[in-house]
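Raw entry22.pdb, PDB, C-alpha atoms and all ligand atoms:
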ATOM      1  CA  MET A   1     -12.951  26.192 -36.926
ATOM      2  CA  GLY A   2     -15.148  23.816 -38.860
ATOM      3  CA  THR A   3     -17.532  23.592 -41.763
ATOM      4  CA  ILE A   4     -21.211  23.987 -40.958
ATOM      5  CA  ALA A   5     -24.285  23.445 -43.142
ATOM      6  CA  PHE A   6     -27.116  25.794 -42.135
ATOM      7  CA  ILE A   7     -30.589  25.145 -43.580
ATOM      8  CA  GLY A   8     -33.430  27.638 -43.011
ATOM      9  CA  LEU A   9     -32.286  31.271 -42.982
ATOM     10  CA  GLY A  10     -35.541  32.974 -41.988
ATOM     11  CA  ASN A  11     -36.150  35.501 -39.239
ATOM     12  CA  MET A  12     -34.368  33.335 -36.682
ATOM     13  CA  GLY A  13     -32.012  31.155 -38.735
ATOM     14  CA  GLY A  14     -30.518  34.123 -40.613
ATOM     15  CA  GLY A  15     -29.105  35.688 -37.447
ATOM     16  CA  MET A  16     -27.999  32.334 -36.056
ATOM     17  CA  ALA A  17     -26.077  31.390 -39.218
ATOM     18  CA  ILE A  18     -24.377  34.783 -39.264
ATOM     19  CA  ASN A  19     -23.268  34.350 -35.638
ATOM     20  CA  LEU A  20     -21.667  31.000 -36.486
ATOM     21  CA  ALA A  21     -19.828  32.676 -39.386
ATOM     22  CA  LYS A  22     -18.707  35.478 -37.076
ATOM     23  CA  ALA A  23     -17.346  32.837 -34.686
ATOM     24  CA  GLY A  24     -15.029  31.737 -37.504
ATOM     25  CA  HIS A  25     -16.798  28.745 -39.075
ATOM     26  CA  ASP A  26     -17.285  28.214 -42.799
ATOM     27  CA  VAL A  27     -21.071  28.308 -42.927
ATOM     28  CA  HIS A  28     -22.663  26.882 -46.088
ATOM     29  CA  ALA A  29     -26.129  28.341 -46.037
ATOM     30  CA  PHE A  30     -29.268  27.204 -47.878
ATOM     31  CA  ASP A  31     -32.853  28.409 -47.921
ATOM     32  CA  LEU A  32     -35.654  28.067 -50.464
ATOM     33  CA  SER A  33     -35.665  31.874 -50.521
ATOM     34  CA  GLN A  34     -32.780  33.312 -52.552
ATOM     35  CA  GLU A  35     -33.150  36.608 -50.709
ATOM     36  CA  ALA A  36     -32.526  34.849 -47.388
ATOM     37  CA  VAL A  37     -29.398  33.205 -48.833
ATOM     38  CA  ASN A  38     -28.171  36.559 -50.168
ATOM     39  CA  ASN A  39     -28.595  38.202 -46.761
ATOM     40  CA  ALA A  40     -26.542  35.468 -45.092
ATOM     41  CA  VAL A  41     -23.851  35.678 -47.774
ATOM     42  CA  GLY A  42     -23.689  39.449 -47.296
ATOM     43  CA  ALA A  43     -22.788  38.771 -43.661
ATOM     44  CA  GLY A  44     -20.059  36.187 -44.155
ATOM     45  CA  CYS A  45     -21.771  32.861 -45.050
ATOM     46  CA  PHE A  46     -21.225  30.889 -48.268
ATOM     47  CA  ALA A  47     -24.178  30.281 -50.603
ATOM     48  CA  ALA A  48     -25.339  26.707 -51.166
ATOM     49  CA  GLY A  49     -27.759  25.864 -53.984
ATOM     50  CA  SER A  50     -29.446  22.996 -52.133
ATOM     51  CA  THR A  51     -29.393  21.082 -48.870
ATOM     52  CA  LEU A  52     -27.230  18.413 -50.527
ATOM     53  CA  GLU A  53     -24.718  21.037 -51.630
ATOM     54  CA  ALA A  54     -24.631  22.605 -48.160
ATOM     55  CA  LEU A  55     -23.858  19.192 -46.641
ATOM     56  CA  GLN A  56     -20.605  18.737 -48.599
ATOM     57  CA  GLY A  57     -17.803  18.488 -46.034
ATOM     58  CA  ALA A  58     -19.997  19.689 -43.162
ATOM     59  CA  GLU A  59     -19.083  18.385 -39.700
ATOM     60  CA  VAL A  60     -22.122  20.072 -38.204
ATOM     61  CA  VAL A  61     -25.601  20.608 -39.667
ATOM     62  CA  VAL A  62     -28.005  23.148 -38.152
ATOM     63  CA  THR A  63     -31.637  23.505 -39.254
ATOM     64  CA  MET A  64     -34.120  26.259 -38.363
ATOM     65  CA  LEU A  65     -37.376  25.471 -40.195
ATOM     66  CA  PRO A  66     -41.040  26.366 -39.730
ATOM     67  CA  ALA A  67     -42.682  23.087 -38.612
ATOM     68  CA  GLY A  68     -42.469  19.295 -38.244
ATOM     69  CA  GLN A  69     -43.339  18.539 -41.858
ATOM     70  CA  HIS A  70     -40.453  20.693 -43.121
ATOM     71  CA  VAL A  71     -38.029  19.066 -40.688
ATOM     72  CA  ARG A  72     -39.110  15.555 -41.729
ATOM     73  CA  SER A  73     -38.789  16.424 -45.411
ATOM     74  CA  VAL A  74     -35.329  17.986 -45.046
ATOM     75  CA  TYR A  75     -33.915  15.194 -42.822
ATOM     76  CA  LEU A  76     -35.568  12.014 -44.098
ATOM     77  CA  GLY A  77     -35.670  10.274 -47.495
ATOM     78  CA  PRO A  78     -32.962   9.603 -50.083
ATOM     79  CA  ASP A  79     -32.002  13.270 -50.512
ATOM     80  CA  GLY A  80     -32.277  14.038 -46.802
ATOM     81  CA  ILE A  81     -29.666  15.079 -44.281
ATOM     82  CA  VAL A  82     -29.645  11.734 -42.448
ATOM     83  CA  GLU A  83     -28.820   9.791 -45.619
ATOM     84  CA  ASN A  84     -26.260  12.262 -46.943
ATOM     85  CA  ALA A  85     -24.470  13.821 -43.954
ATOM     86  CA  LYS A  86     -20.799  13.005 -43.614
ATOM     87  CA  ASP A  87     -19.853  10.158 -41.231
ATOM     88  CA  GLY A  88     -19.548  11.439 -37.691
ATOM     89  CA  ALA A  89     -21.460  14.656 -38.431
ATOM     90  CA  LEU A  90     -23.421  16.292 -35.631
ATOM     91  CA  LEU A  91     -27.035  17.297 -36.418
ATOM     92  CA  ILE A  92     -28.829  20.110 -34.566
ATOM     93  CA  ASP A  93     -32.475  20.977 -35.226
ATOM     94  CA  SER A  94     -33.489  24.240 -33.576
ATOM     95  CA  SER A  95     -36.986  24.491 -35.116
ATOM     96  CA  THR A  96     -39.998  24.411 -32.793
ATOM     97  CA  ILE A  97     -41.846  21.249 -33.884
ATOM     98  CA  ASP A  98     -44.069  18.469 -32.575
ATOM     99  CA  ILE A  99     -42.375  16.074 -30.214
ATOM    100  CA  GLU A 100     -43.219  13.013 -32.314
ATOM    101  CA  SER A 101     -41.434  14.394 -35.392
ATOM    102  CA  ALA A 102     -38.452  15.476 -33.268
ATOM    103  CA  ARG A 103     -38.070  11.972 -31.819
ATOM    104  CA  ALA A 104     -38.596  10.267 -35.207
ATOM    105  CA  VAL A 105     -35.834  12.302 -36.855
ATOM    106  CA  VAL A 106     -33.342  11.745 -34.009
ATOM    107  CA  GLU A 107     -34.103   8.021 -34.119
ATOM    108  CA  ALA A 108     -33.395   7.932 -37.869
ATOM    109  CA  ALA A 109     -30.121   9.833 -37.355
ATOM    110  CA  GLU A 110     -29.005   7.505 -34.574
ATOM    111  CA  ALA A 111     -29.818   4.464 -36.716
ATOM    112  CA  LYS A 112     -27.226   5.834 -39.171
ATOM    113  CA  GLY A 113     -24.696   6.378 -36.357
ATOM    114  CA  LEU A 114     -25.117  10.184 -36.348
ATOM    115  CA  ALA A 115     -25.379  12.222 -33.142
ATOM    116  CA  MET A 116     -28.377  14.536 -33.125
ATOM    117  CA  VAL A 117     -30.115  16.930 -30.724
ATOM    118  CA  ASP A 118     -33.411  18.778 -30.818
ATOM    119  CA  ALA A 119     -32.535  22.270 -29.605
ATOM    120  CA  PRO A 120     -35.505  24.654 -29.866
ATOM    121  CA  VAL A 121     -34.998  28.208 -28.684
ATOM    122  CA  SER A 122     -36.584  30.786 -26.509
ATOM    123  CA  GLY A 123     -35.964  34.432 -27.382
ATOM    124  CA  GLY A 124     -37.069  36.169 -30.554
ATOM    125  CA  VAL A 125     -35.477  37.616 -33.653
ATOM    126  CA  ALA A 126     -33.445  40.174 -31.682
ATOM    127  CA  ALA A 127     -31.957  37.437 -29.471
ATOM    128  CA  ALA A 128     -31.148  35.329 -32.555
ATOM    129  CA  ALA A 129     -29.294  38.290 -34.089
ATOM    130  CA  ALA A 130     -27.533  39.186 -30.838
ATOM    131  CA  GLY A 131     -26.527  35.590 -30.048
ATOM    132  CA  THR A 132     -28.401  35.607 -26.746
ATOM    133  CA  LEU A 133     -30.909  32.787 -27.322
ATOM    134  CA  THR A 134     -31.834  30.186 -24.726
ATOM    135  CA  PHE A 135     -31.519  26.609 -26.027
ATOM    136  CA  MET A 136     -33.520  23.708 -24.576
ATOM    137  CA  VAL A 137     -31.757  20.581 -25.703
ATOM    138  CA  GLY A 138     -32.886  16.967 -25.980
ATOM    139  CA  GLY A 139     -30.543  14.107 -26.812
ATOM    140  CA  THR A 140     -27.859  11.851 -25.387
ATOM    141  CA  LYS A 141     -25.180  13.314 -23.132
ATOM    142  CA  PHE A 142     -22.650  12.571 -25.908
ATOM    143  CA  ALA A 143     -24.676  14.539 -28.490
ATOM    144  CA  PHE A 144     -25.331  17.379 -26.034
ATOM    145  CA  ASP A 145     -21.628  17.717 -25.187
ATOM    146  CA  LYS A 146     -20.769  17.855 -28.892
ATOM    147  CA  ALA A 147     -23.488  20.452 -29.600
ATOM    148  CA  GLU A 148     -22.916  22.752 -26.634
ATOM    149  CA  PRO A 149     -19.912  24.730 -27.978
ATOM    150  CA  TYR A 150     -21.814  25.559 -31.192
ATOM    151  CA  LEU A 151     -24.982  26.469 -29.317
ATOM    152  CA  ALA A 152     -22.893  28.737 -27.073
ATOM    153  CA  GLN A 153     -21.907  30.698 -30.200
ATOM    154  CA  MET A 154     -25.595  31.402 -30.891
ATOM    155  CA  GLY A 155     -26.975  31.728 -27.375
ATOM    156  CA  LYS A 156     -26.216  32.414 -23.758
ATOM    157  CA  ASN A 157     -28.271  29.857 -21.798
ATOM    158  CA  ILE A 158     -28.033  26.206 -22.785
ATOM    159  CA  PHE A 159     -29.987  23.543 -20.893
ATOM    160  CA  HIS A 160     -29.810  19.785 -21.313
ATOM    161  CA  ALA A 161     -33.463  18.776 -20.833
ATOM    162  CA  GLY A 162     -32.921  15.012 -21.184
ATOM    163  CA  ASP A 163     -33.426  12.505 -23.981
ATOM    164  CA  ALA A 164     -34.376  13.223 -27.598
ATOM    165  CA  GLY A 165     -37.534  15.318 -27.866
ATOM    166  CA  ASN A 166     -37.216  16.761 -24.362
ATOM    167  CA  GLY A 167     -36.046  20.088 -25.741
ATOM    168  CA  GLN A 168     -39.407  20.352 -27.507
ATOM    169  CA  VAL A 169     -41.196  19.216 -24.337
ATOM    170  CA  ALA A 170     -39.579  22.040 -22.353
ATOM    171  CA  LYS A 171     -40.397  24.544 -25.086
ATOM    172  CA  VAL A 172     -44.104  23.689 -25.478
ATOM    173  CA  CYS A 173     -44.719  23.428 -21.740
ATOM    174  CA  ASN A 174     -43.032  26.789 -21.125
ATOM    175  CA  ASN A 175     -44.947  28.484 -23.926
ATOM    176  CA  MET A 176     -48.260  26.949 -22.860
ATOM    177  CA  LEU A 177     -47.694  28.487 -19.425
ATOM    178  CA  LEU A 178     -46.720  31.820 -20.988
ATOM    179  CA  GLY A 179     -49.865  31.854 -23.174
ATOM    180  CA  ILE A 180     -52.085  31.090 -20.187
ATOM    181  CA  SER A 181     -50.367  33.588 -17.876
ATOM    182  CA  MET A 182     -50.651  36.321 -20.501
ATOM    183  CA  ILE A 183     -54.415  35.837 -20.808
ATOM    184  CA  GLY A 184     -54.828  35.758 -17.018
ATOM    185  CA  THR A 185     -52.830  38.969 -16.743
ATOM    186  CA  CYS A 186     -55.009  40.629 -19.414
ATOM    187  CA  GLU A 187     -58.162  39.599 -17.557
ATOM    188  CA  ALA A 188     -56.875  41.045 -14.281
ATOM    189  CA  PHE A 189     -55.836  44.402 -15.791
ATOM    190  CA  SER A 190     -59.068  44.671 -17.770
ATOM    191  CA  LEU A 191     -61.222  43.909 -14.726
ATOM    192  CA  ALA A 192     -59.221  46.312 -12.539
ATOM    193  CA  GLU A 193     -59.779  49.113 -15.030
ATOM    194  CA  LYS A 194     -63.512  48.440 -15.343
ATOM    195  CA  LEU A 195     -63.758  48.522 -11.535
ATOM    196  CA  GLY A 196     -62.019  51.908 -11.383
ATOM    197  CA  LEU A 197     -58.417  50.889 -10.635
ATOM    198  CA  ASP A 198     -55.868  52.298 -13.102
ATOM    199  CA  ALA A 199     -53.206  50.082 -14.693
ATOM    200  CA  GLN A 200     -50.214  51.712 -12.988
ATOM    201  CA  THR A 201     -51.677  51.448  -9.484
ATOM    202  CA  PHE A 202     -52.770  47.856 -10.032
ATOM    203  CA  PHE A 203     -49.282  47.066 -11.426
ATOM    204  CA  ASP A 204     -47.546  48.640  -8.417
ATOM    205  CA  ILE A 205     -49.600  46.492  -6.066
ATOM    206  CA  SER A 206     -49.868  43.200  -7.929
ATOM    207  CA  SER A 207     -46.251  43.126  -9.138
ATOM    208  CA  THR A 208     -45.172  42.995  -5.494
ATOM    209  CA  ALA A 209     -48.049  40.712  -4.439
ATOM    210  CA  SER A 210     -48.932  37.115  -5.245
ATOM    211  CA  GLY A 211     -50.321  37.822  -8.727
ATOM    212  CA  GLN A 212     -46.812  38.746  -9.912
ATOM    213  CA  ASN A 213     -45.640  36.954 -13.057
ATOM    214  CA  TRP A 214     -43.371  37.523 -16.089
ATOM    215  CA  SER A 215     -46.247  38.513 -18.422
ATOM    216  CA  MET A 216     -46.976  41.341 -16.004
ATOM    217  CA  THR A 217     -43.546  42.514 -14.889
ATOM    218  CA  SER A 218     -41.571  42.199 -18.142
ATOM    219  CA  TYR A 219     -44.241  42.349 -20.841
ATOM    220  CA  CYS A 220     -47.242  44.077 -19.303
ATOM    221  CA  PRO A 221     -50.222  43.815 -21.720
ATOM    222  CA  ALA A 222     -51.755  47.063 -20.388
ATOM    223  CA  PRO A 223     -50.168  50.254 -21.765
ATOM    224  CA  GLY A 224     -48.103  52.249 -19.278
ATOM    225  CA  PRO A 225     -46.375  50.302 -16.523
ATOM    226  CA  VAL A 226     -43.615  48.590 -18.576
ATOM    227  CA  PRO A 227     -42.325  51.104 -21.170
ATOM    228  CA  THR A 228     -40.671  48.455 -23.401
ATOM    229  CA  SER A 229     -43.744  46.231 -23.696
ATOM    230  CA  PRO A 230     -45.600  46.001 -27.063
ATOM    231  CA  ALA A 231     -48.747  47.401 -25.381
ATOM    232  CA  ASN A 232     -47.104  50.825 -25.671
ATOM    233  CA  HIS A 233     -46.615  50.430 -29.434
ATOM    234  CA  ASP A 234     -50.098  49.334 -30.569
ATOM    235  CA  TYR A 235     -49.094  45.713 -29.873
ATOM    236  CA  ALA A 236     -46.583  45.582 -32.719
ATOM    237  CA  ALA A 237     -44.851  42.162 -32.507
ATOM    238  CA  GLY A 238     -42.568  41.012 -30.775
ATOM    239  CA  PHE A 239     -43.736  37.477 -30.671
ATOM    240  CA  THR A 240     -46.885  37.282 -32.773
ATOM    241  CA  ALA A 241     -50.195  35.792 -31.681
ATOM    242  CA  ALA A 242     -49.813  33.485 -34.723
ATOM    243  CA  MET A 243     -46.576  32.053 -33.329
ATOM    244  CA  MET A 244     -48.115  31.674 -29.891
ATOM    245  CA  LEU A 245     -51.062  29.835 -31.465
ATOM    246  CA  LYS A 246     -48.649  27.490 -33.236
ATOM    247  CA  ASP A 247     -47.020  26.632 -29.907
ATOM    248  CA  MET A 248     -50.394  26.262 -28.141
ATOM    249  CA  ARG A 249     -51.496  23.813 -30.833
ATOM    250  CA  LEU A 250     -48.278  21.830 -30.396
ATOM    251  CA  ALA A 251     -48.938  21.720 -26.637
ATOM    252  CA  GLN A 252     -52.493  20.436 -27.151
ATOM    253  CA  GLN A 253     -51.313  17.852 -29.679
ATOM    254  CA  ALA A 254     -48.738  16.638 -27.153
ATOM    255  CA  ALA A 255     -51.264  16.698 -24.308
ATOM    256  CA  GLY A 256     -53.679  14.574 -26.339
ATOM    257  CA  ALA A 257     -50.983  12.010 -27.128
ATOM    258  CA  ALA A 258     -49.870  11.858 -23.475
ATOM    259  CA  LYS A 259     -53.458  11.844 -22.108
ATOM    260  CA  ALA A 260     -52.566  14.869 -19.952
ATOM    261  CA  ALA A 261     -55.365  17.161 -18.772
ATOM    262  CA  THR A 262     -54.587  20.745 -19.837
ATOM    263  CA  PRO A 263     -57.966  22.523 -19.696
ATOM    264  CA  LEU A 264     -56.472  26.002 -19.410
ATOM    265  CA  GLY A 265     -54.061  25.264 -22.256
ATOM    266  CA  ALA A 266     -57.053  24.213 -24.388
ATOM    267  CA  GLN A 267     -58.935  27.395 -23.501
ATOM    268  CA  ALA A 268     -55.888  29.557 -24.235
ATOM    269  CA  GLU A 269     -55.481  27.864 -27.632
ATOM    270  CA  ALA A 270     -59.133  28.637 -28.408
ATOM    271  CA  LEU A 271     -58.663  32.315 -27.514
ATOM    272  CA  TYR A 272     -55.536  32.690 -29.683
ATOM    273  CA  ALA A 273     -57.486  30.962 -32.490
ATOM    274  CA  LEU A 274     -60.049  33.797 -32.186
ATOM    275  CA  MET A 275     -57.203  36.261 -32.808
ATOM    276  CA  GLU A 276     -56.411  34.266 -35.950
ATOM    277  CA  ALA A 277     -60.064  34.153 -37.032
ATOM    278  CA  SER A 278     -60.265  37.944 -36.583
ATOM    279  CA  GLY A 279     -57.256  38.413 -38.849
ATOM    280  CA  LYS A 280     -55.342  40.018 -35.964
ATOM    281  CA  ASP A 281     -52.828  37.270 -35.292
ATOM    282  CA  ASN A 282     -50.019  39.425 -36.689
ATOM    283  CA  LEU A 283     -50.277  41.500 -33.496
ATOM    284  CA  ASP A 284     -47.983  40.663 -30.604
ATOM    285  CA  PHE A 285     -49.374  37.838 -28.458
ATOM    286  CA  SER A 286     -49.993  40.350 -25.638
ATOM    287  CA  GLY A 287     -52.471  41.988 -28.067
ATOM    288  CA  ILE A 288     -54.917  39.356 -26.834
ATOM    289  CA  MET A 289     -55.688  42.165 -24.363
ATOM    290  CA  LYS A 290     -57.803  43.677 -27.147
ATOM    291  CA  LEU A 291     -59.885  40.499 -27.372
ATOM    292  CA  ILE A 292     -60.340  40.442 -23.598
ATOM    293  CA  ASN A 293     -61.280  44.121 -23.212
ATOM    294  CA  GLY A 294     -63.457  44.224 -26.319
ATOM    295  CA  THR A 295     -61.322  46.524 -28.497
ATOM    296  CA  LEU A 296     -60.077  44.006 -31.094
TER     297      LEU A 296
HETATM  298  P1  LIG A 301     -39.301  31.851 -40.935
HETATM  299  O1  LIG A 301     -40.533  31.428 -41.636
HETATM  300  O2  LIG A 301     -38.884  33.279 -40.930
HETATM  301  O3  LIG A 301     -38.040  30.998 -41.499
HETATM  302  C1  LIG A 301     -38.100  29.673 -41.913
HETATM  303  C2  LIG A 301     -37.241  29.550 -43.165
HETATM  304  O4  LIG A 301     -37.179  28.174 -43.551
HETATM  305  C3  LIG A 301     -37.806  30.317 -44.363
HETATM  306  O5  LIG A 301     -36.850  31.257 -44.805
HETATM  307  C4  LIG A 301     -38.101  29.236 -45.389
HETATM  308  O6  LIG A 301     -37.868  29.650 -46.720
HETATM  309  C5  LIG A 301     -37.125  28.156 -44.955
HETATM  310  N1  LIG A 301     -37.472  26.824 -45.431
HETATM  311  C6  LIG A 301     -38.666  26.162 -45.360
HETATM  312  N2  LIG A 301     -38.573  24.942 -45.911
HETATM  313  C7  LIG A 301     -37.307  24.809 -46.353
HETATM  314  C8  LIG A 301     -36.600  23.779 -47.007
HETATM  315  N3  LIG A 301     -37.187  22.645 -47.357
HETATM  316  N4  LIG A 301     -35.300  23.989 -47.311
HETATM  317  C9  LIG A 301     -34.681  25.141 -46.977
HETATM  318  N5  LIG A 301     -35.304  26.170 -46.352
HETATM  319  C10 LIG A 301     -36.590  26.000 -46.035
HETATM  320  O7  LIG A 301     -39.449  31.306 -39.442
HETATM  321  P2  LIG A 301     -38.629  31.775 -38.131
HETATM  322  O8  LIG A 301     -39.343  32.922 -37.478
HETATM  323  O9  LIG A 301     -37.188  31.919 -38.482
HETATM  324  O10 LIG A 301     -38.832  30.503 -37.194
HETATM  325  C11 LIG A 301     -38.111  29.295 -37.388
HETATM  326  C12 LIG A 301     -38.453  28.354 -36.246
HETATM  327  O11 LIG A 301     -38.107  28.970 -35.008
HETATM  328  C13 LIG A 301     -39.956  28.000 -36.159
HETATM  329  O12 LIG A 301     -40.075  26.649 -35.826
HETATM  330  C14 LIG A 301     -40.449  28.918 -35.047
HETATM  331  O13 LIG A 301     -41.568  28.372 -34.382
HETATM  332  C15 LIG A 301     -39.235  28.973 -34.137
HETATM  333  N6  LIG A 301     -39.149  30.177 -33.283
HETATM  334  C16 LIG A 301     -39.378  31.417 -33.805
HETATM  335  C17 LIG A 301     -39.291  32.530 -32.981
HETATM  336  C18 LIG A 301     -39.541  33.917 -33.525
HETATM  337  O14 LIG A 301     -39.658  34.847 -32.719
HETATM  338  N7  LIG A 301     -39.588  34.114 -34.832
HETATM  339  C19 LIG A 301     -38.953  32.383 -31.622
HETATM  340  C20 LIG A 301     -38.685  31.120 -31.127
HETATM  341  C21 LIG A 301     -38.783  30.015 -31.980
END

Write out the structure in this file as structure tokens.
Ligand code: NAD
Amino acid sequence: MGTIAFIGLGNMGGGMAINLAKAGHDVHAFDLSQEAVNNAVGAGCFAAGSTLEALQGAEVVVTMLPAGQHVRSVYLGPDGIVENAKDGALLIDSSTIDIESARAVVEAAEAKGLAMVDAPVSGGVAAAAAGTLTFMVGGTKFAFDKAEPYLAQMGKNIFHAGDAGNGQVAKVCNNMLLGISMIGTCEAFSLAEKLGLDAQTFFDISSTASGQNWSMTSYCPAPGPVPTSPANHDYAAGFTAAMMLKDMRLAQQAAGAAKAATPLGAQAEALYALMEASGKDNLDFSGIMKLINGTL
């Protein structure tokens, strides 16, 4: 087993780093938060005092950071990963970031002869801890083949989506669709109720009819029909409305750059921004039901 540098030990990265340690790697873990480092060390990782220190001897570098600006700052520049990683090291960025930053960082890595993939994830904190994430991977076939065994130790579904940045493309397009379908599902359940049709009866019909979709059948935003859904727990997250808004903004940024028409994506972004403006974006993203039915 090898030596891995892991940078960014937050809600997601913490569990991922621990799974790599459990798989037998020496994981040198760094985060700006000492508490996050301590948690990882308590579960089998080694503490690093900086990114540079974590990189010493690492054959693989994994990052799990909040946004594009953090990824650029950790990878680029004289103290960055690209300049200081060992020859032949493999770089994996699993953060959800804008496509432009993802492609810029991979390009810089390749210019130094380093293989790199963007590998954002689907699945939340529980999936990160359980090692059951889905990875959407962009990069060359060579880089993907090198990354796959490590990703398999942190997840269960691993897709090669194409060239650098395509992992992020898959992620933002999927989440834009999820955000839109959730709002549509809320509208349908809210209207049904106002017209005298209860949630369970509407669910029984629509989940076997053409309105059926994941937001309804696995994550129903109306309390009742799906016992595990956040709607039954006052919309405790789950996947917060704030995180959904982040992804919706990334989708709109990408749509603008590509001159793609995404009118429903734009509308969905605006509605999640209202959750933010109301100070309720810490609710699960299905809590947008409260905005739709007037109970926010
Ligand atoms: P988080 O804020 O909990 O963790 C990010 C960590 O990065 C923090 O601990 C922070 O201290 C650290 N960090 C920031 N800058 C750093 C730097 N320069 N050096 C070292 N550490 C640094 O976020 P998270 O929930 O773990 O999410 C990470 C990424 O995964 C985000 O891009 C997010 O969009 C994506 N994601 C999250 C979820 C989820 O359910 N939480 C699901 C899918 C994808």

Quote the spacing between atom CA of A:Arg72 and atom C2 of ligand LIG 301 (chain A) in Å to one decimal place.
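Between these atoms lies a distance of 14.2 Å.
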
Using all atoms listed in the file, find each residue of chain A with at least one atom at most 8 Å away from an atom of ligand LIG 301 (chain A); report its shortest atom-to-atom pair and that distance in Å (one decimal), sort the rows by chain and rising residue number, and return the result as JSON lines.
{"residue": "A:Ile7", "atom": "CA", "partner": "A:LIG301", "partner_atom": "C9", "distance": 5.3}
{"residue": "A:Gly8", "atom": "CA", "partner": "A:LIG301", "partner_atom": "O4", "distance": 3.8}
{"residue": "A:Leu9", "atom": "CA", "partner": "A:LIG301", "partner_atom": "O5", "distance": 4.9}
{"residue": "A:Gly10", "atom": "CA", "partner": "A:LIG301", "partner_atom": "O3", "distance": 3.2}
{"residue": "A:Asn11", "atom": "CA", "partner": "A:LIG301", "partner_atom": "O9", "distance": 3.8}
{"residue": "A:Met12", "atom": "CA", "partner": "A:LIG301", "partner_atom": "O9", "distance": 3.6}
{"residue": "A:Gly13", "atom": "CA", "partner": "A:LIG301", "partner_atom": "O9", "distance": 5.2}
{"residue": "A:Gly14", "atom": "CA", "partner": "A:LIG301", "partner_atom": "O9", "distance": 7.3}
{"residue": "A:Phe30", "atom": "CA", "partner": "A:LIG301", "partner_atom": "C9", "distance": 5.9}
{"residue": "A:Asp31", "atom": "CA", "partner": "A:LIG301", "partner_atom": "N5", "distance": 3.7}
{"residue": "A:Leu32", "atom": "CA", "partner": "A:LIG301", "partner_atom": "N5", "distance": 4.5}
{"residue": "A:Ser33", "atom": "CA", "partner": "A:LIG301", "partner_atom": "O6", "distance": 4.9}
{"residue": "A:Ala36", "atom": "CA", "partner": "A:LIG301", "partner_atom": "O5", "distance": 6.2}
{"residue": "A:Ser50", "atom": "CA", "partner": "A:LIG301", "partner_atom": "N4", "distance": 7.6}
{"residue": "A:Thr51", "atom": "CA", "partner": "A:LIG301", "partner_atom": "N4", "distance": 6.8}
{"residue": "A:Met64", "atom": "CA", "partner": "A:LIG301", "partner_atom": "C11", "distance": 5.1}
{"residue": "A:Leu65", "atom": "CA", "partner": "A:LIG301", "partner_atom": "O4", "distance": 4.3}
{"residue": "A:Pro66", "atom": "CA", "partner": "A:LIG301", "partner_atom": "O12", "distance": 4.0}
{"residue": "A:Ala67", "atom": "CA", "partner": "A:LIG301", "partner_atom": "O12", "distance": 5.2}
{"residue": "A:His70", "atom": "CA", "partner": "A:LIG301", "partner_atom": "N2", "distance": 5.4}
{"residue": "A:Val71", "atom": "CA", "partner": "A:LIG301", "partner_atom": "N3", "distance": 7.6}
{"residue": "A:Ser73", "atom": "CA", "partner": "A:LIG301", "partner_atom": "N3", "distance": 6.7}
{"residue": "A:Val74", "atom": "CA", "partner": "A:LIG301", "partner_atom": "N3", "distance": 5.5}
{"residue": "A:Ser94", "atom": "CA", "partner": "A:LIG301", "partner_atom": "O11", "distance": 6.8}
{"residue": "A:Ser95", "atom": "CA", "partner": "A:LIG301", "partner_atom": "O12", "distance": 3.8}
{"residue": "A:Thr96", "atom": "CA", "partner": "A:LIG301", "partner_atom": "O12", "distance": 3.8}
{"residue": "A:Ile97", "atom": "CA", "partner": "A:LIG301", "partner_atom": "O12", "distance": 6.0}
{"residue": "A:Pro120", "atom": "CA", "partner": "A:LIG301", "partner_atom": "C21", "distance": 6.6}
{"residue": "A:Val121", "atom": "CA", "partner": "A:LIG301", "partner_atom": "C20", "distance": 5.3}
{"residue": "A:Ser122", "atom": "CA", "partner": "A:LIG301", "partner_atom": "C20", "distance": 5.1}
{"residue": "A:Gly123", "atom": "CA", "partner": "A:LIG301", "partner_atom": "C19", "distance": 5.6}
{"residue": "A:Gly124", "atom": "CA", "partner": "A:LIG301", "partner_atom": "O14", "distance": 3.6}
{"residue": "A:Val125", "atom": "CA", "partner": "A:LIG301", "partner_atom": "O14", "distance": 5.1}
{"residue": "A:Gly238", "atom": "CA", "partner": "A:LIG301", "partner_atom": "O14", "distance": 7.1}
{"residue": "A:Phe239", "atom": "CA", "partner": "A:LIG301", "partner_atom": "O14", "distance": 5.3}
{"residue": "A:Thr240", "atom": "CA", "partner": "A:LIG301", "partner_atom": "O14", "distance": 7.6}
{"residue": "A:Met243", "atom": "CA", "partner": "A:LIG301", "partner_atom": "O13", "distance": 6.3}
{"residue": "A:Lys246", "atom": "CA", "partner": "A:LIG301", "partner_atom": "O13", "distance": 7.2}
{"residue": "A:Asp247", "atom": "CA", "partner": "A:LIG301", "partner_atom": "O13", "distance": 7.3}

Residue IDs satisfying the PyMOL selection byres (((chain A and resi 230) around 10) and not hetatm), as a PyMOL selection string:
chain A and resi 219-223+226-229+231-239+283-287

Report as a list in words all protein, DNA and RNA residues lying within 8 Å of A:Ala40, evaluated on all atoms listed in the file, omitting residues in the same chain fewer than 2 positions from it.
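Near neighbours after the sequence-gap exclusion: Leu9, Gly14, Ala17, Ile18, Ala29, Ala36, Val37, Asn38, Gly42, Ala43, Gly44, Cys45, Phe46 and Ala47 of chain A.
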
With distances taken over only C-alpha atoms, which of A:Ile288, A:Leu133, A:Ala89, A:Leu274 is nearest to A:Gly113?
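For A:Gly113, the nearest of the candidates is A:Ala89.
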
Rank nothing, just name the residue among A:Ala257, A:Asn174, A:Ala119, A:Ala242 nearest to A:Asn282, using all atoms listed in the file.
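Closest to A:Asn282, using all atoms listed in the file: A:Ala242.
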